[in-house]
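*Asks:* Okay, so here is protein-v7.txt, and as you'll see once you scroll down, it has compact mmCIF, C-alpha atoms.
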```
# COMPACT_ATOMS: atom_id res chain seq x y z
CA MET W 33 66.80 109.03 84.32
CA LYS W 34 69.13 111.91 85.18
CA LEU W 35 72.74 111.81 83.93
CA ALA W 36 75.53 114.02 85.29
CA ILE W 37 78.28 114.73 82.75
CA THR W 38 81.47 116.64 83.56
CA ALA W 39 81.72 119.54 81.10
CA ALA W 40 84.25 122.20 80.15
CA GLY W 41 81.49 124.46 78.73
CA ASP W 42 77.81 125.11 79.21
CA ASP W 43 76.01 123.29 76.41
CA LEU W 44 75.87 119.78 74.94
CA GLN W 45 78.49 120.65 72.30
CA ALA W 46 81.02 121.51 75.03
CA PRO W 47 84.00 119.20 75.49
CA LEU W 48 83.59 116.67 78.29
CA ASP W 49 85.86 117.68 81.19
CA PRO W 50 88.08 114.63 81.87
CA ARG W 51 88.37 115.52 85.57
CA PHE W 52 85.57 114.68 87.96
CA GLY W 53 86.46 116.37 91.28
CA ARG W 54 87.77 119.51 89.65
CA ALA W 55 85.43 119.55 86.65
CA ALA W 56 84.52 123.08 85.54
CA ARG W 57 80.80 122.30 85.34
CA PHE W 58 78.29 119.50 85.56
CA ILE W 59 75.65 119.13 82.89
CA LEU W 60 72.57 117.42 84.29
CA TYR W 61 70.74 115.74 81.43
CA ASP W 62 67.26 114.20 81.64
CA THR W 63 67.03 111.24 79.24
CA GLU W 64 63.22 111.43 79.14
CA THR W 65 62.66 115.14 78.46
CA LYS W 66 66.03 115.62 76.64
CA GLU W 67 66.47 118.84 78.64
CA PHE W 68 69.55 119.81 80.60
CA ASP W 69 70.76 122.12 83.35
CA VAL W 70 74.27 123.47 83.85
CA VAL W 71 75.74 123.53 87.35
CA ASP W 72 78.91 125.48 88.03
CA ASN W 73 81.62 123.67 90.03
CA ALA W 74 84.06 126.58 90.45
CA GLN W 75 84.03 126.25 94.23
CA ASN W 76 85.38 122.71 93.99
CA LEU W 77 87.79 123.65 91.25
CA ASN W 78 89.65 125.64 93.91
CA ALA W 79 89.09 123.34 96.90
CA PRO W 80 92.35 122.69 98.80
CA GLN W 81 91.51 119.00 99.18
CA GLY W 82 88.61 116.56 98.89
CA ALA W 83 87.30 118.01 95.62
CA GLY W 84 86.21 114.56 94.45
CA VAL W 85 84.27 113.92 97.66
CA GLN W 86 82.53 117.28 97.42
CA SER W 87 81.75 116.87 93.71
CA ALA W 88 80.23 113.46 94.47
CA GLU W 89 78.07 115.07 97.15
CA THR W 90 76.98 117.75 94.62
CA VAL W 91 76.09 115.18 91.97
CA SER W 92 74.16 113.19 94.57
CA ARG W 93 72.28 116.28 95.75
CA LEU W 94 71.34 117.13 92.15
CA GLY W 95 69.59 113.77 91.93
CA ALA W 96 71.78 112.21 89.23
CA GLU W 97 71.65 108.44 88.97
CA CYS W 98 74.60 108.07 86.56
CA LEU W 99 77.86 109.94 86.12
CA LEU W 100 79.70 110.16 82.79
CA THR W 101 83.26 111.46 83.11
CA GLY W 102 86.89 110.96 82.14
CA HIS W 103 88.52 109.87 85.38
CA CYS W 104 87.36 109.14 88.89
CA GLY W 105 89.60 108.71 91.95
CA PRO W 106 89.11 106.36 94.91
CA LYS W 107 87.43 108.73 97.38
CA ALA W 108 85.01 110.10 94.78
CA PHE W 109 84.27 106.54 93.70
CA ARG W 110 83.52 105.49 97.27
CA THR W 111 81.26 108.49 97.83
CA LEU W 112 79.37 108.09 94.55
CA THR W 113 78.88 104.38 95.19
CA ALA W 114 77.55 105.07 98.69
CA ALA W 115 75.11 107.54 97.12
CA GLY W 116 73.95 104.84 94.72
CA ILE W 117 75.28 106.53 91.58
CA ARG W 118 76.57 104.42 88.67
CA ILE W 119 79.91 105.63 87.31
CA TYR W 120 81.11 105.54 83.71
CA THR W 121 84.75 106.57 83.18
CA GLY W 122 87.08 106.79 80.19
CA LEU W 123 84.86 109.15 78.21
CA SER W 124 86.12 111.96 75.97
CA GLY W 125 84.86 114.10 73.10
CA SER W 126 81.76 116.26 73.53
CA VAL W 127 79.07 116.01 76.17
CA ALA W 128 76.60 115.07 73.40
CA ASP W 129 78.90 112.20 72.27
CA ALA W 130 78.98 110.84 75.84
CA ILE W 131 75.19 110.99 76.14
CA HIS W 132 74.82 109.24 72.78
CA ARG W 133 77.22 106.48 73.79
CA TYR W 134 75.33 106.00 77.04
CA GLU W 135 71.89 105.97 75.41
CA SER W 136 72.96 103.51 72.70
CA GLY W 137 74.18 101.08 75.36
CA GLN W 138 77.88 101.30 74.45
CA LEU W 139 79.09 101.96 78.01
CA GLU W 140 79.88 99.66 80.87
CA ALA W 141 79.73 100.90 84.46
CA ALA W 142 83.12 101.18 86.20
CA ALA W 143 83.84 98.63 88.90
CA ASP W 144 86.52 100.72 90.59
CA ALA W 145 88.36 104.04 90.54
CA ASP W 146 90.49 104.39 87.39
CA VAL W 147 93.12 106.78 88.82
CA GLU W 148 95.00 107.25 92.10
CA GLY W 149 93.94 109.89 94.61
CA HIS W 150 95.85 113.15 94.55
CA TRP W 151 96.17 113.35 98.29
CA GLN W 152 97.72 110.09 99.42
CA MET T 227 110.87 133.47 123.47
CA LYS T 228 110.44 131.73 120.13
CA ILE T 229 112.85 132.29 117.25
CA ALA T 230 111.83 130.58 114.01
CA ILE T 231 114.42 129.75 111.37
CA ALA T 232 112.73 129.70 107.96
CA SER T 233 113.85 130.23 104.38
CA GLY T 234 111.53 130.03 101.42
CA LYS T 235 114.04 128.12 99.31
CA GLY T 236 115.17 124.75 100.63
CA GLY T 237 118.82 123.90 101.19
CA THR T 238 119.91 127.41 102.13
CA GLY T 239 121.10 126.50 105.64
CA LYS T 240 118.12 126.63 108.04
CA THR T 241 119.28 123.59 109.97
CA THR T 242 122.89 124.83 109.98
CA VAL T 243 121.77 128.14 111.51
CA ALA T 244 119.32 126.51 113.95
CA VAL T 245 121.75 123.89 115.28
CA ASN T 246 124.78 126.18 115.46
CA LEU T 247 122.78 128.94 117.12
CA ALA T 248 121.48 126.48 119.73
CA LEU T 249 125.01 125.17 120.40
CA SER T 250 126.51 128.67 120.66
CA LEU T 251 124.20 130.02 123.37
CA PRO T 252 124.50 129.53 127.10
CA GLY T 253 121.68 127.15 128.11
CA PRO T 254 118.93 126.41 128.62
CA VAL T 255 118.02 126.34 124.92
CA GLN T 256 115.33 124.30 123.25
CA LEU T 257 115.78 123.20 119.64
CA LEU T 258 112.54 122.18 117.96
CA ASP T 259 112.79 120.34 114.65
CA CYS T 260 109.47 121.32 113.04
CA ASP T 261 110.51 120.15 109.55
CA VAL T 262 108.57 116.99 110.35
CA GLU T 263 108.52 115.68 106.78
CA GLU T 264 112.29 115.39 106.76
CA PRO T 265 113.70 116.26 110.17
CA ASN T 266 117.50 116.46 110.19
CA CYS T 267 118.67 118.53 113.20
CA HIS T 268 119.52 115.28 115.02
CA LEU T 269 122.13 114.41 112.38
CA PHE T 270 124.19 117.39 113.55
CA LEU T 271 123.16 117.84 117.18
CA LYS T 272 123.54 114.08 117.86
CA PRO T 273 121.41 114.28 121.01
CA ASP T 274 120.94 111.48 123.51
CA ILE T 275 117.40 110.35 122.79
CA GLN T 276 115.37 109.96 125.97
CA ARG T 277 111.86 109.05 124.90
CA GLN T 278 109.36 108.91 122.08
CA GLU T 279 105.65 109.71 122.09
CA ALA T 280 102.99 109.02 119.43
CA VAL T 281 100.93 111.92 118.06
CA GLY T 282 97.54 111.46 116.47
CA VAL T 283 94.66 113.41 115.02
CA PRO T 284 91.17 112.92 116.49
CA VAL T 285 88.96 111.72 113.62
CA PRO T 286 85.18 111.30 113.67
CA VAL T 287 83.39 107.98 113.89
CA VAL T 288 79.65 108.07 113.14
CA ASP T 289 77.17 105.85 114.98
CA PRO T 290 74.66 104.88 112.25
CA GLU T 291 72.04 104.08 114.91
CA LEU T 292 72.01 107.67 116.20
CA CYS T 293 72.63 109.54 112.90
CA ASP T 294 69.47 110.96 111.30
CA LEU T 295 71.33 112.14 108.13
CA CYS T 296 70.80 115.86 108.89
CA GLY T 297 74.08 116.73 107.13
CA GLU T 298 75.36 119.31 109.64
CA CYS T 299 78.70 117.45 109.94
CA GLY T 300 79.37 117.67 106.19
CA ARG T 301 78.41 121.35 106.06
CA ILE T 302 80.79 122.42 108.83
CA CYS T 303 83.78 120.44 107.49
CA GLN T 304 86.11 122.72 105.51
CA PHE T 305 88.21 119.79 104.31
CA ASN T 306 85.57 117.46 102.81
CA ALA T 307 86.61 114.81 105.33
CA ILE T 308 83.02 113.93 106.19
CA VAL T 309 80.15 113.92 103.75
CA ALA T 310 76.50 113.32 104.51
CA LEU T 311 74.64 111.41 101.82
CA LYS T 312 71.05 110.25 101.52
CA THR T 313 71.92 106.87 102.94
CA ARG T 314 74.83 107.34 105.38
CA PRO T 315 77.65 109.75 106.24
CA LEU T 316 81.10 108.81 104.95
CA VAL T 317 84.33 109.71 106.75
CA PHE T 318 87.72 110.12 105.04
CA PRO T 319 90.16 110.06 107.97
CA GLU T 320 93.14 110.97 105.78
CA LEU T 321 91.49 114.30 104.91
CA CYS T 322 90.55 115.14 108.51
CA HIS T 323 92.50 117.90 110.27
CA GLY T 324 91.04 116.94 113.66
CA CYS T 325 89.29 120.26 114.37
CA GLY T 326 86.40 118.52 116.16
CA GLY T 327 83.75 120.68 114.43
CA CYS T 328 81.58 117.75 113.30
CA HIS T 329 81.70 116.16 116.74
CA ARG T 330 80.58 119.39 118.39
CA ILE T 331 77.87 120.38 115.91
CA CYS T 332 76.12 117.00 115.65
CA PRO T 333 72.66 117.58 117.19
CA ARG T 334 72.18 113.85 117.81
CA GLU T 335 75.59 113.30 119.44
CA ALA T 336 76.10 110.54 116.90
CA ILE T 337 79.80 111.34 116.40
CA HIS T 338 82.64 110.39 118.70
CA GLU T 339 86.35 110.81 118.04
CA GLU T 340 89.08 108.21 117.72
CA ASN T 341 92.79 108.85 117.48
CA ARG T 342 94.52 108.33 114.12
CA PRO T 343 98.32 108.21 114.57
CA ILE T 344 100.26 110.49 112.19
CA GLY T 345 103.74 110.61 113.67
CA ASP T 346 105.98 110.78 116.72
CA LEU T 347 107.62 113.26 119.04
CA ILE T 348 111.21 112.38 119.88
CA PHE T 349 112.81 113.97 122.94
CA GLY T 350 116.54 114.26 123.52
CA HIS T 351 119.30 116.33 125.04
CA ARG T 352 122.86 117.47 124.41
CA ASP T 353 125.10 120.02 126.18
CA GLY T 354 122.33 122.21 127.61
CA VAL T 355 120.23 121.92 124.45
CA THR T 356 116.82 120.29 124.94
CA PHE T 357 115.74 118.71 121.69
CA VAL T 358 112.25 117.91 120.39
CA GLN T 359 111.75 116.45 116.95
CA GLY T 360 108.53 115.75 115.09
CA ARG T 361 108.70 112.79 112.72
CA LEU T 362 105.79 112.33 110.33
CA GLN T 363 104.86 108.75 109.46
CA ILE T 364 105.76 107.68 105.95
CA GLY T 365 102.74 108.09 103.69
CA GLN T 366 101.10 110.78 105.80
CA ALA T 367 100.43 114.03 103.97
CA MET T 368 99.22 116.24 106.80
CA SER T 369 101.98 117.73 108.94
CA PRO T 370 100.47 120.78 110.75
CA PRO T 371 98.90 118.81 113.66
CA LEU T 372 102.30 117.20 114.36
CA ILE T 373 104.10 120.56 114.07
CA ARG T 374 101.66 122.00 116.62
CA ALA T 375 102.40 119.03 118.93
CA VAL T 376 106.18 119.71 118.71
CA LYS T 377 105.64 123.34 119.69
CA LYS T 378 103.26 122.39 122.48
CA ALA T 379 105.85 119.99 123.91
CA ALA T 380 108.29 122.87 124.47
CA ASP T 381 108.46 125.18 127.47
CA SER T 382 107.21 128.42 125.92
CA ASP T 383 108.77 130.56 128.67
CA ALA T 384 112.30 129.42 127.84
CA LEU T 385 114.17 130.13 124.61
CA CYS T 386 112.93 128.03 121.66
CA ILE T 387 114.76 127.80 118.35
CA ILE T 388 112.41 126.42 115.71
CA ASP T 389 113.83 124.76 112.60
CA SER T 390 111.00 125.34 110.13
CA PRO T 391 110.20 123.48 106.90
CA PRO T 392 111.10 125.24 103.63
CA GLY T 393 108.51 126.96 101.45
CA THR T 394 105.62 129.23 102.38
CA THR T 395 102.72 126.78 102.74
CA CYS T 396 100.65 125.50 105.71
CA PRO T 397 103.51 123.63 107.46
CA VAL T 398 105.66 126.79 107.44
CA ILE T 399 102.80 128.98 108.65
CA THR T 400 102.16 126.49 111.47
CA ALA T 401 105.84 126.44 112.43
CA ILE T 402 106.42 130.23 112.47
CA ARG T 403 103.05 131.81 113.25
CA ASP T 404 103.45 132.58 116.97
CA SER T 405 107.18 133.32 116.94
CA ASP T 406 108.70 136.46 118.37
CA TYR T 407 111.10 136.73 115.44
CA VAL T 408 111.69 134.96 112.13
CA VAL T 409 115.21 134.47 110.78
CA LEU T 410 115.10 133.93 107.01
CA VAL T 411 118.14 132.05 105.75
CA THR T 412 118.96 132.63 102.10
CA GLU T 413 121.77 132.36 99.61
CA PRO T 414 122.90 135.12 97.24
CA THR T 415 121.49 133.51 94.09
CA PRO T 416 118.48 134.36 91.90
CA PHE T 417 116.65 131.34 93.38
CA GLY T 418 117.49 132.37 96.93
CA LEU T 419 116.25 135.89 96.24
CA HIS T 420 113.07 134.74 94.51
CA ASP T 421 111.99 132.58 97.45
CA LEU T 422 113.24 135.09 100.02
CA ARG T 423 110.74 137.60 98.61
CA LEU T 424 107.93 135.08 99.11
CA ALA T 425 109.10 134.33 102.65
CA VAL T 426 109.27 138.06 103.50
CA GLU T 427 105.73 138.55 102.15
CA THR T 428 104.59 135.60 104.28
CA CYS T 429 106.10 137.12 107.44
CA ARG T 430 104.53 140.48 106.65
CA ALA T 431 101.11 138.89 106.09
CA LEU T 432 101.44 137.22 109.50
CA GLY T 433 102.68 140.43 111.12
CA LEU T 434 105.96 138.80 112.20
CA PRO T 435 109.24 140.72 112.38
CA CYS T 436 111.97 139.15 110.26
CA GLY T 437 115.65 139.49 109.43
CA VAL T 438 117.95 137.75 106.99
CA VAL T 439 120.99 135.48 107.27
CA ILE T 440 122.91 135.21 104.01
CA ASN T 441 124.65 131.85 103.85
CA ARG T 442 127.62 131.27 101.51
CA CYS T 443 127.52 135.06 101.25
CA ASP T 444 130.50 135.37 98.88
CA SER T 445 129.29 132.74 96.42
CA GLY T 446 126.76 134.68 94.34
CA ASP T 447 125.85 138.25 93.53
CA GLU T 448 124.70 141.39 95.36
CA ARG T 449 120.99 141.23 94.57
CA VAL T 450 119.90 139.77 97.93
CA THR T 451 121.81 142.50 99.76
CA ALA T 452 120.27 145.16 97.51
CA TYR T 453 116.79 143.74 98.03
CA CYS T 454 117.22 143.77 101.83
CA ARG T 455 118.48 147.35 101.72
CA ASP T 456 115.58 148.51 99.53
CA GLU T 457 113.01 146.74 101.71
CA ALA T 458 114.65 147.84 105.00
CA ILE T 459 115.11 144.21 106.11
CA PRO T 460 118.10 143.78 108.43
CA VAL T 461 120.91 141.45 107.34
CA LEU T 462 121.65 139.85 110.71
CA LEU T 463 124.56 137.61 109.75
CA GLU T 464 126.60 136.62 106.71
CA ILE T 465 128.22 133.19 106.69
CA PRO T 466 131.14 132.81 104.27
CA ASP T 467 131.35 130.06 101.65
CA ASP T 468 134.01 128.14 103.57
CA ARG T 469 135.12 124.67 102.52
CA ARG T 470 135.73 123.70 106.17
CA ILE T 471 132.03 124.33 106.97
CA ALA T 472 130.98 122.22 103.97
CA GLU T 473 133.34 119.38 104.93
CA ALA T 474 132.06 119.40 108.52
CA TYR T 475 128.48 119.42 107.24
CA SER T 476 129.14 116.40 105.03
CA ARG T 477 130.30 114.50 108.12
CA GLY T 478 127.34 115.64 110.24
CA THR T 479 129.55 117.91 112.36
CA PRO T 480 128.20 121.33 113.42
CA ALA T 481 130.21 124.24 111.98
CA VAL T 482 130.94 125.64 115.47
CA ASP T 483 132.75 122.40 116.37
CA VAL T 484 135.33 122.98 113.61
CA LEU T 485 135.30 126.78 113.59
CA PRO T 486 134.78 127.74 117.27
CA GLU T 487 135.12 131.43 116.38
CA LEU T 488 131.71 131.13 114.69
CA ARG T 489 130.13 130.81 118.15
CA ARG T 490 130.68 134.51 118.71
CA GLU T 491 128.96 135.26 115.40
CA PHE T 492 125.92 133.24 116.43
CA GLN T 493 125.90 134.85 119.89
CA ARG T 494 125.96 138.24 118.16
CA LEU T 495 123.07 137.09 115.96
CA MET T 496 121.05 136.24 119.06
CA LYS T 497 121.86 139.56 120.75
CA ASN T 498 120.83 141.36 117.57
CA ILE T 499 117.50 139.49 117.53
CA ARG T 500 116.86 140.17 121.23
CA ASP T 501 117.59 143.88 120.73
CA ARG T 502 115.22 144.02 117.77
CA ILE T 503 112.44 142.31 119.71
CA ALA T 504 113.03 144.76 122.56
CA GLY T 505 112.88 147.64 120.06
CA THR T 506 116.48 148.78 120.48
CA PRO T 507 118.18 147.50 117.33
CA THR T 508 121.90 147.72 116.96
CA PRO T 509 122.90 148.95 113.49
CA THR T 510 123.92 146.01 111.27
CA ARG T 511 125.54 147.13 108.04
```
Could you render the structure as structure tokens?

*Replies:*
Amino acid sequence: MKLAITAAGDDLQAPLDPRFGRAARFILYDTETKEFDVVDNAQNLNAPQGAGVQSAETVSRLGAECLLTGHCGPKAFRTLTAAGIRIYTGLSGSVADAIHRYESGQLEAAADADVEGHWQ
Amino acid sequence: MKIAIASGKGGTGKTTVAVNLALSLPGPVQLLDCDVEEPNCHLFLKPDIQRQEAVGVPVPVVDPELCDLCGECGRICQFNAIVALKTRPLVFPELCHGCGGCHRICPREAIHEENRPIGDLIFGHRDGVTFVQGRLQIGQAMSPPLIRAVKKAADSDALCIIDSPPGTTCPVITAIRDSDYVVLVTEPTPFGLHDLRLAVETCRALGLPCGVVINRCDSGDERVTAYCRDEAIPVLLEIPDDRRIAEAYSRGTPAVDVLPELRREFQRLMKNIRDRIAGTPTPTR
């Protein structure tokens, strides 16, 4: 199972980035091998619009099945859902904390976006 | 000939200059209200409205039967308005600028376009002034396609006075980009100067000639004048801080209706602009 976690740094001790669309990086964590990759999201950080849509496309392309983040807007939510990715919002602390909470079954998948879009 | 009235800072007097200039010139003159997010020229011009026309943006619709998920549509879109996923492409019409790129690039011809209304063009007339206003629908965030429609509705061979939105972002660029001259209206305050600098840089980046109108010229300090002198930007007109102009404004009356002598000032402004475009500027100050 591959998890995508929004991250402000490039290791598991890094703070979780509360933003999804404009997250600094994605950490892609494999729950079986316990290994992870870091994917830079700087291009989306500066996108004029649709950063959430593009980030969702990135996460989908990376093969993640779950997303752990702070907040997720309506267009990102729609895109992630269409890509078959489960979304967990409301997370904070470190990336490692988020993974631990997921693996110990403390999280419940989000049923809807938890914030308004920035565009309309 | 297109003369754009822009400002940087809002509330400096763009509409005042645009409307009074239009009313001071012998016709035919076209006044285009390109501040489509909050158009207000009509409050002063009070034109007879003749007709209204809806403006839309062509947005893509994907036929899932024809789409083979190649992803070309998502790759060409600069605005993330269409995204190709493993299962099906998603379209976000509110992000679409209507460029038609996805429709053209689709190798399977699986995309056709449908019109998404964003606002209206309103056509009117008063005393030799032909009026076109763009009015963005409430809740819409994307004004450039409507601004382009306003400009397209005008006769580009005749004189056009364009009332631009404030600021220096996409709507302003769209409003001023193909003008023959940009008039930057400012006020002699630190805020006016700060945003005037940005507006001047914008005009320079676009390669557009510009000059300055200082409104309420005796109300602040000398820094705008000094800046214009140092940067060799002509001060085309100075409008005094006159209570009669403010009172007329508050009633929706154009300044030239209460101070007819201002007409000559606006006519001089236009002559000055024409001379500058022709390359034979008359000395200003």

*Asks:* Can you list every residue of chain T that has an atom at most 8 Å from chain W, with its nearest atom pair and the distance in Å to one decimal, using only C-alpha atoms, ordered by chain then number, as JSON lines?

*Replies:*
```
{"residue": "T:Phe305", "atom": "CA", "partner": "W:Gln81", "partner_atom": "CA", "distance": 6.2}
{"residue": "T:Asn306", "atom": "CA", "partner": "W:Gly82", "partner_atom": "CA", "distance": 5.0}
{"residue": "T:Ala307", "atom": "CA", "partner": "W:Gly82", "partner_atom": "CA", "distance": 7.0}
{"residue": "T:Val309", "atom": "CA", "partner": "W:Glu89", "partner_atom": "CA", "distance": 7.0}
{"residue": "T:Ala310", "atom": "CA", "partner": "W:Glu89", "partner_atom": "CA", "distance": 7.7}
{"residue": "T:Leu311", "atom": "CA", "partner": "W:Ala115", "partner_atom": "CA", "distance": 6.1}
{"residue": "T:Lys312", "atom": "CA", "partner": "W:Ala115", "partner_atom": "CA", "distance": 6.6}
{"residue": "T:Thr313", "atom": "CA", "partner": "W:Ala115", "partner_atom": "CA", "distance": 6.7}
{"residue": "T:Arg314", "atom": "CA", "partner": "W:Ala114", "partner_atom": "CA", "distance": 7.6}
{"residue": "T:Leu316", "atom": "CA", "partner": "W:Thr111", "partner_atom": "CA", "distance": 7.1}
{"residue": "T:Phe318", "atom": "CA", "partner": "W:Lys107", "partner_atom": "CA", "distance": 7.8}
{"residue": "T:Glu320", "atom": "CA", "partner": "W:Gln152", "partner_atom": "CA", "distance": 7.9}
{"residue": "T:Leu321", "atom": "CA", "partner": "W:Gly82", "partner_atom": "CA", "distance": 7.0}
{"residue": "T:Gly365", "atom": "CA", "partner": "W:Gln152", "partner_atom": "CA", "distance": 6.9}
{"residue": "T:Gln366", "atom": "CA", "partner": "W:Gln152", "partner_atom": "CA", "distance": 7.3}
{"residue": "T:Ala367", "atom": "CA", "partner": "W:Gln152", "partner_atom": "CA", "distance": 6.6}
```

*Asks:* Would you save the residues from that selection as a PDB file, keeping the file's coordinate frame, using C-alpha atoms?

*Replies:*
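Saved file again33.pdb follows:
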```pdb
ATOM      1  CA  PHE T 305      88.210 119.790 104.310  1.00  0.00           C
ATOM      2  CA  ASN T 306      85.570 117.460 102.810  1.00  0.00           C
ATOM      3  CA  ALA T 307      86.610 114.810 105.330  1.00  0.00           C
ATOM      4  CA  VAL T 309      80.150 113.920 103.750  1.00  0.00           C
ATOM      5  CA  ALA T 310      76.500 113.320 104.510  1.00  0.00           C
ATOM      6  CA  LEU T 311      74.640 111.410 101.820  1.00  0.00           C
ATOM      7  CA  LYS T 312      71.050 110.250 101.520  1.00  0.00           C
ATOM      8  CA  THR T 313      71.920 106.870 102.940  1.00  0.00           C
ATOM      9  CA  ARG T 314      74.830 107.340 105.380  1.00  0.00           C
ATOM     10  CA  LEU T 316      81.100 108.810 104.950  1.00  0.00           C
ATOM     11  CA  PHE T 318      87.720 110.120 105.040  1.00  0.00           C
ATOM     12  CA  GLU T 320      93.140 110.970 105.780  1.00  0.00           C
ATOM     13  CA  LEU T 321      91.490 114.300 104.910  1.00  0.00           C
ATOM     14  CA  GLY T 365     102.740 108.090 103.690  1.00  0.00           C
ATOM     15  CA  GLN T 366     101.100 110.780 105.800  1.00  0.00           C
ATOM     16  CA  ALA T 367     100.430 114.030 103.970  1.00  0.00           C
TER      17      ALA T 367
END
```

*Asks:* Using all atoms listed in the file, which residues sit within 9 Å of W:Tyr120 once same-chain residues fewer than 2 positions away are excluded, as a PDB file with C-alpha atoms, in the frame of the given file?

*Replies:*
```pdb
ATOM      1  CA  CYS W  98      74.600 108.070  86.560  1.00  0.00           C
ATOM      2  CA  LEU W  99      77.860 109.940  86.120  1.00  0.00           C
ATOM      3  CA  LEU W 100      79.700 110.160  82.790  1.00  0.00           C
ATOM      4  CA  THR W 101      83.260 111.460  83.110  1.00  0.00           C
ATOM      5  CA  GLY W 102      86.890 110.960  82.140  1.00  0.00           C
ATOM      6  CA  HIS W 103      88.520 109.870  85.380  1.00  0.00           C
ATOM      7  CA  CYS W 104      87.360 109.140  88.890  1.00  0.00           C
ATOM      8  CA  ARG W 118      76.570 104.420  88.670  1.00  0.00           C
ATOM      9  CA  GLY W 122      87.080 106.790  80.190  1.00  0.00           C
ATOM     10  CA  LEU W 123      84.860 109.150  78.210  1.00  0.00           C
ATOM     11  CA  TYR W 134      75.330 106.000  77.040  1.00  0.00           C
ATOM     12  CA  LEU W 139      79.090 101.960  78.010  1.00  0.00           C
ATOM     13  CA  GLU W 140      79.880  99.660  80.870  1.00  0.00           C
ATOM     14  CA  ALA W 141      79.730 100.900  84.460  1.00  0.00           C
ATOM     15  CA  ALA W 142      83.120 101.180  86.200  1.00  0.00           C
TER      16      ALA W 142
END
```

*Asks:* If we count only C-alpha atoms and set the cut-off at 9 Å, which residues sit around T:Gln493, ignoring sequence neighbours fewer than 6 positions away in its own chain? Please answer as a short mmCIF file (atom, residue, chain, number, x, y, z; two decimals) with C-alpha atoms, keeping the file's coordinate frame.

*Replies:*
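Result file around_1.cif:
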```cif
data_model
loop_
_atom_site.label_atom_id
_atom_site.label_comp_id
_atom_site.auth_asym_id
_atom_site.auth_seq_id
_atom_site.Cartn_x
_atom_site.Cartn_y
_atom_site.Cartn_z
CA LEU T 247 122.78 128.94 117.12
CA SER T 250 126.51 128.67 120.66
CA LEU T 251 124.20 130.02 123.37
#
```

*Asks:* Near T:Glu339, within 6 Å and counting only C-alpha atoms, which residues show up once chain neighbours fewer than 5 positions away are dropped, as a list in words?

*Replies:*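 Counting only the stated atoms, we get Pro284, Val285, Pro286 and Val287 of chain T.
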
*Asks:* Got a sec: who's within 7 Å of T:Pro480, counting all atoms listed in the file, leaving out chain neighbours fewer than 5 positions off, as a PyMOL selection string?

*Replies:* chain T and resi 246+270+474-475

*Asks:* Excluding same-chain residues fewer than 6 positions from T:Leu258, what lies within 7 Å of it counting all atoms listed in the file, as a ChimeraX atom specification?

*Replies:* /T:357-359,376,386-389

*Asks:* Considering all atoms listed in the file, state which residue in the set T:Ala375, T:Ile471, T:Val408, T:Met496 is at the smallest distance from T:Val484.

*Replies:*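 Ranking T:Ala375, T:Ile471, T:Val408, T:Met496 by distance to T:Val484, first place goes to T:Ile471.
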
*Asks:* How many Å separate atom CA of T:Ile459 from atom CA of T:Thr400?

*Replies:*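 Here the two named atoms are 22.6 Å from each other.
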
*Asks:* May I have the residues at most 10 Å from (78.5, 127.2, 88.6) in the file's coordinates, counting only C-alpha atoms, as a ChimeraX atom specification?

*Replies:* /W:42,56-58,70-76

*Asks:* Ranking T:Thr479, T:Thr394, T:Ser445, T:Gln278 by minimum distance to T:Pro466 and counting all atoms listed in the file, which one comes first?

*Replies:* T:Ser445

*Asks:* Adding 3 Å on each side of the box along x, y and z that holds all listed atoms of stretch 485-495 of chain T, could you give its centre and edge lengths in Å to one decimal, as lines of an AutoDock Vina configuration file?

*Replies:*
```
center_x = 129.2
center_y = 132.5
center_z = 116.7
size_x = 18.2
size_y = 17.5
size_z = 12.3
```

*Asks:* Report, in Å with one decimal, the straight-line distance from atom CA of W:Glu148 to atom CA of T:Gly360.

*Replies:*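 Distance between the two atoms: 28.0 Å.
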
*Asks:* Using all atoms listed in the file, which of the listed residues (T:Val450, T:Ile373, T:Ala481, T:Ala379) sits closest to T:Glu279?

*Replies:*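 Residue with the minimum atom-to-atom distance to T:Glu279: T:Ala379.
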
*Asks:* What gap, in Å, lies between atom CA of T:Ala401 and atom CA of T:Lys377?

*Replies:*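 If I compute the distance from atom CA of T:Ala401 to atom CA of T:Lys377, I get 7.9 Å.
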